[in-house]
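Enquirer: Before I ask anything, let me first share the structure, which is written out below as structure tokens.
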Amino acid sequence: MEPPRLPPDAVAVAVDGSDGAARATAWAVEHARTARLPLVLVHAAPAADAYGGAVWTERPEAGHVLSREDEAALGAEATQVLDAAESAVRSADGELPVVRAPMLGDPRVALLDVARHVGLVVLGSRGRGPVRSLLLGSVSASVARHAACPVAVVRDHDADPTVRRVVVGVDGSEGSRQTLRYAYGFASLRRAPLLVVHCYWDVVAAVNRSLDRSISDEEVADLGVVVAELVAGLAEDFPDVDAHVILRQGLVDTVLTNEAMPGDVIVVGHRTHRSPQQFLYGSVAIAVLERAESTVLVVPLDTAPS
């Protein structure tokens, strides 16, 4: 039997039987249903004999999607995890197209492979592994850092898949323009208001190499004009989005996580490959992921070195 092909632009969610994965699945179902996209249930089994002994003489490479026959060969636990996840999806939406994607290998490698073929990967913040006591699980952190598509990390506080509000950070750069456009599109799709946050302390620090310099009222006003121009163009493209802009002095990760509450989704851009000049901006997404108590949606701004 040939392994299933992943539908392009689909919403993929990692399932492992944990409570975090169940919350992520509920969130992914709501998003897929709203976007009218198929849902892919991804379960990655370790390549070691964790399911009762070797079942292949030649093991598939990590990230290989297995057939239903191979899924059965993995053992009862893998099948039970996928069965339970599919049952939960069917209970929430019996019409939603669902593809099962059992995979063999390191979950991080498997999910990064999936991210090359789908439009969004959804993860819980912690799974069932030995690092579940950490604020952010190693799988979620690694996938968010390196994925080729946007990654949503659903927090434990977000039991309700409804998006209350979208919060996005901008700094006037080309990268933040891409992030802002994605945030507008996401807010439009989920019918949620949008809060655009411009954190100007980091911009001034990057230019002056110091956090000690005070920014003048005139400079704040100039920054407000830059953000207003960004928003004005997108407001025409997304007239249904109720957007508000605020300017805050402070570190981006601190400001964004303080502004967002459970039920909000923070949208932040991330450069998977960056030059030394881009390091500060590129590190913001991971800092937000580590601090946030609300769901974070990390948008990759490039997939190749600049």
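Ordering of the structure tokens sets the chain letters (A, B, ...), residue numbers begin anew at 1 in every chain, and ligands are numbered from 1 in the order given.
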Would you mind listing what lies within 8 Å of segment 166-173 of chain A as an MDAnalysis selection string, with only C-alpha atoms counted and same-chain residues fewer than 2 positions away left out?

Expert: chainID A and resid 163:164 175:177 179:180 183 187 192:200 203 226:227 230 252 256 259:260 264:268

Enquirer: Within 10 Å of Gly17 of chain A, counting only C-alpha atoms, which residues show up once you throw out same-chain ones fewer than 3 positions away? Write them as a ChimeraX atom specification, please.

Expert: /A:14,20-22,43,77-78,80-82,84-85,127-128

Enquirer: Write out as an mmCIF file with C-alpha atoms, in the first residue's frame each polymer residue whose atoms come within 6 Å of segment 91-98 of chain A, counting only C-alpha atoms; drop sequence neighbours fewer than 6 positions from it.

Expert:
data_model
loop_
_atom_site.group_PDB
_atom_site.id
_atom_site.type_symbol
_atom_site.label_atom_id
_atom_site.label_comp_id
_atom_site.auth_asym_id
_atom_site.auth_seq_id
_atom_site.Cartn_x
_atom_site.Cartn_y
_atom_site.Cartn_z
ATOM 1 C CA PRO A 38 -8.325 19.202 5.281
ATOM 2 C CA LEU A 39 -6.805 18.169 8.614
ATOM 3 C CA VAL A 40 -3.744 15.939 8.878
#

Enquirer: Can you tell me which residues surround Thr254 of chain A at a distance of at most 9 Å, considering only C-alpha atoms, apart from same-chain residues fewer than 6 positions away, and format the answer as a list in words?

Expert: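 Neighbouring residues, sequence-local ones excluded: Ala287, Val288, Arg291 and Ala292 of chain A.
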
Enquirer: Just the residues within 9 Å of Ala12 of chain A, please, counting only C-alpha atoms, with nothing from its chain fewer than 6 positions along; format it as JSON, numbers by chain.

Expert: {"A": [28, 38, 39, 40, 41, 42, 111, 114, 115, 118, 119, 120, 121, 122, 123]}

Enquirer: Need to verify the contact set: segment 141-152 of chain A, 10 Å, only C-alpha atoms, exclusion of same-chain residues closer than 6 positions in sequence. Can you return it as a ChimeraX atom specification?

Expert: /A:9,11-13,24,27-28,107-126,182,265-273,282-283,285-286,289-290,295-304

Enquirer: Ranking A:His31, A:Arg36, A:Arg90, A:Arg100 by minimum distance to Val15 of chain A and counting only C-alpha atoms, which one comes first?

Expert: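 Once distances to Val15 of chain A are computed over only C-alpha atoms, the minimum belongs to A:Arg100.
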